[in-house]
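Taking it in order: structure first as structure tokens, then the write-up.
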Amino acid sequence: MIRRDYILRMIEEFAQALARIRSLKRTRRWGEASAEMDAEFKKLIGDGAQAVARLSETELLARLMHEGPTHLVRDKTFLLTTLLAEAADVAAAEDRVDESRECYLKALHLLLDVLARGEVFEYPEFVPKVEMLEQALQGTPLPLRTHAMLMQHHERTGEFAKAENALFAMLDAEPDNGAIVVFGVAFYRRLLAQSDAALTEGALPRVEVEEGLKELLQRSKRSEAQSAQ
């Protein structure tokens, strides 16, 4: 009960800070919004926004674990994800394009990582959705790792067509990468074990799954033949 109360209080205090940040953003007071965010970053990871720009997602998670009990890491990761998305918005508004993209990407990676660690049935409404972060990054090339994380996320949530899109984004980026083909073959074979209803709901009917598997198997054979020459 004490643990639950602590988590709720932490989320409530963050929500109040977030409301102030968003109010400052609406009135285009970017400097004041950045100062508020800097204070919240310090609460979460013990350092300000400049440190966040330097640190990898792994290092940020290590900071979250260092700054408090480990059972709070999941909830604090949601707060950090939200804060990174807000920082990305401000950077974009000030034409700091590269910084904005980096913040969005870190937010997406952290969110996908925490969602992949187990069943997350609920989290605060203010946390950005995966789709929102994907949309923010649309039009910019994503690392292979990001596409792989998105593919696994969409497969887990039954969004099979979106998972396939992520797979083909990887294949387009590295068409000669045999490991991606193997990864894709395994994906289609898993989908064949799904019911027709589940596949239709995931916007990838069985016939398309079979076609996708056939295409990758043919690609694999061509690759093997070229390697043998």
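Within each chain, counting starts at residue 1; across the structure tokens, chains are named A, B, ... in the order shown, with ligands numbered 1 upward in that order.
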### Query
Do you know which residues are at most 10 Å from segment 28-32 of chain A counting only C-alpha atoms, after dropping those on the same chain fewer than 4 positions away, and could you put them as JSON, numbers by chain?
{"A": [20, 21, 22, 23, 24, 36, 37, 38, 87, 89, 90, 91, 93, 94]}
Filtering to N, CA and C atoms, could you give me those residues as a PDB file, in the first residue's frame?
ATOM      1  N   ARG A  20       2.407  22.310 -16.434  1.00  0.00           N
ATOM      2  CA  ARG A  20       3.104  23.606 -16.526  1.00  0.00           C
ATOM      3  C   ARG A  20       3.924  23.675 -17.809  1.00  0.00           C
ATOM      4  N   ILE A  21       4.621  22.585 -18.120  1.00  0.00           N
ATOM      5  CA  ILE A  21       5.446  22.549 -19.332  1.00  0.00           C
ATOM      6  C   ILE A  21       4.584  22.746 -20.582  1.00  0.00           C
ATOM      7  N   ARG A  22       3.460  22.058 -20.631  1.00  0.00           N
ATOM      8  CA  ARG A  22       2.599  22.155 -21.812  1.00  0.00           C
ATOM      9  C   ARG A  22       1.943  23.522 -21.918  1.00  0.00           C
ATOM     10  N   SER A  23       1.662  24.145 -20.789  1.00  0.00           N
ATOM     11  CA  SER A  23       1.122  25.505 -20.807  1.00  0.00           C
ATOM     12  C   SER A  23       2.160  26.472 -21.373  1.00  0.00           C
ATOM     13  N   LEU A  24       3.403  26.323 -20.962  1.00  0.00           N
ATOM     14  CA  LEU A  24       4.481  27.173 -21.477  1.00  0.00           C
ATOM     15  C   LEU A  24       4.702  26.930 -22.971  1.00  0.00           C
ATOM     16  N   GLU A  36      11.835  24.121 -16.958  1.00  0.00           N
ATOM     17  CA  GLU A  36      10.963  23.194 -16.215  1.00  0.00           C
ATOM     18  C   GLU A  36      11.353  21.751 -16.502  1.00  0.00           C
ATOM     19  N   MET A  37      11.607  21.462 -17.785  1.00  0.00           N
ATOM     20  CA  MET A  37      11.995  20.104 -18.153  1.00  0.00           C
ATOM     21  C   MET A  37      13.335  19.728 -17.539  1.00  0.00           C
ATOM     22  N   ASP A  38      14.252  20.680 -17.503  1.00  0.00           N
ATOM     23  CA  ASP A  38      15.557  20.428 -16.916  1.00  0.00           C
ATOM     24  C   ASP A  38      15.414  20.009 -15.451  1.00  0.00           C
ATOM     25  N   ALA A  87      10.617  17.342 -24.692  1.00  0.00           N
ATOM     26  CA  ALA A  87      11.863  18.006 -25.073  1.00  0.00           C
ATOM     27  C   ALA A  87      12.044  18.000 -26.585  1.00  0.00           C
ATOM     28  N   ASP A  89       9.616  18.053 -28.788  1.00  0.00           N
ATOM     29  CA  ASP A  89       8.690  19.061 -29.320  1.00  0.00           C
ATOM     30  C   ASP A  89       9.316  20.456 -29.264  1.00  0.00           C
ATOM     31  N   VAL A  90       9.919  20.784 -28.120  1.00  0.00           N
ATOM     32  CA  VAL A  90      10.517  22.106 -27.944  1.00  0.00           C
ATOM     33  C   VAL A  90      11.706  22.279 -28.899  1.00  0.00           C
ATOM     34  N   ALA A  91      12.534  21.247 -29.011  1.00  0.00           N
ATOM     35  CA  ALA A  91      13.677  21.320 -29.929  1.00  0.00           C
ATOM     36  C   ALA A  91      13.206  21.524 -31.364  1.00  0.00           C
ATOM     37  N   ALA A  93      10.423  22.964 -32.305  1.00  0.00           N
ATOM     38  CA  ALA A  93       9.884  24.319 -32.413  1.00  0.00           C
ATOM     39  C   ALA A  93      10.999  25.353 -32.566  1.00  0.00           C
ATOM     40  N   GLU A  94      12.178  25.030 -32.029  1.00  0.00           N
ATOM     41  CA  GLU A  94      13.318  25.949 -32.119  1.00  0.00           C
ATOM     42  C   GLU A  94      14.277  25.568 -33.252  1.00  0.00           C
TER      43      GLU A  94
END
### Contact residues around segment 138-153 of chain A with only C-alpha atoms at 8 Å, ignoring same-chain residues under 4 positions, as number ranges by chain
A: 109, 112-113, 115-116, 134, 157, 162-167, 169-170, 173
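Between Glu201 of chain A and the candidates A:Ala17, A:Val52, A:Leu84, A:Glu159, the tightest atom-to-atom separation, counting only C-alpha atoms, involves A:Glu159.
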### Residues flagged helix (DSSP H, G or I) by DSSP in segment 79-167 of chain A, as a VMD selection string
chain A and resid 79 to 93 97 to 116 130 to 136 144 to 156 160 to 167
### atom CA of Phe187 of chain A to atom CA of Gly212 of chain A, distance in Å rounded to a single decimal
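Between atom CA of Phe187 of chain A and atom CA of Gly212 of chain A the gap is 9.9 Å.
Across A:Arg222, A:Lys43, A:Arg26, A:Lys106, the tightest approach to Glu57 of chain A is made by A:Lys106 when counting only C-alpha atoms.
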### Message
So, with only C-alpha atoms as the atoms that count, which of A:Arg63, A:Arg117, A:Lys214, A:Arg219 lies closest to Ile45 of chain A?
### Response
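Closest residue, counting only C-alpha atoms: A:Arg63.
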### Nearest-residue call for Glu215 of chain A, choices A:Gly202, A:Ile11, A:Val182, A:Gln16, using only C-alpha atoms
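Counting only C-alpha atoms, the residue closest to Glu215 of chain A is A:Val182.
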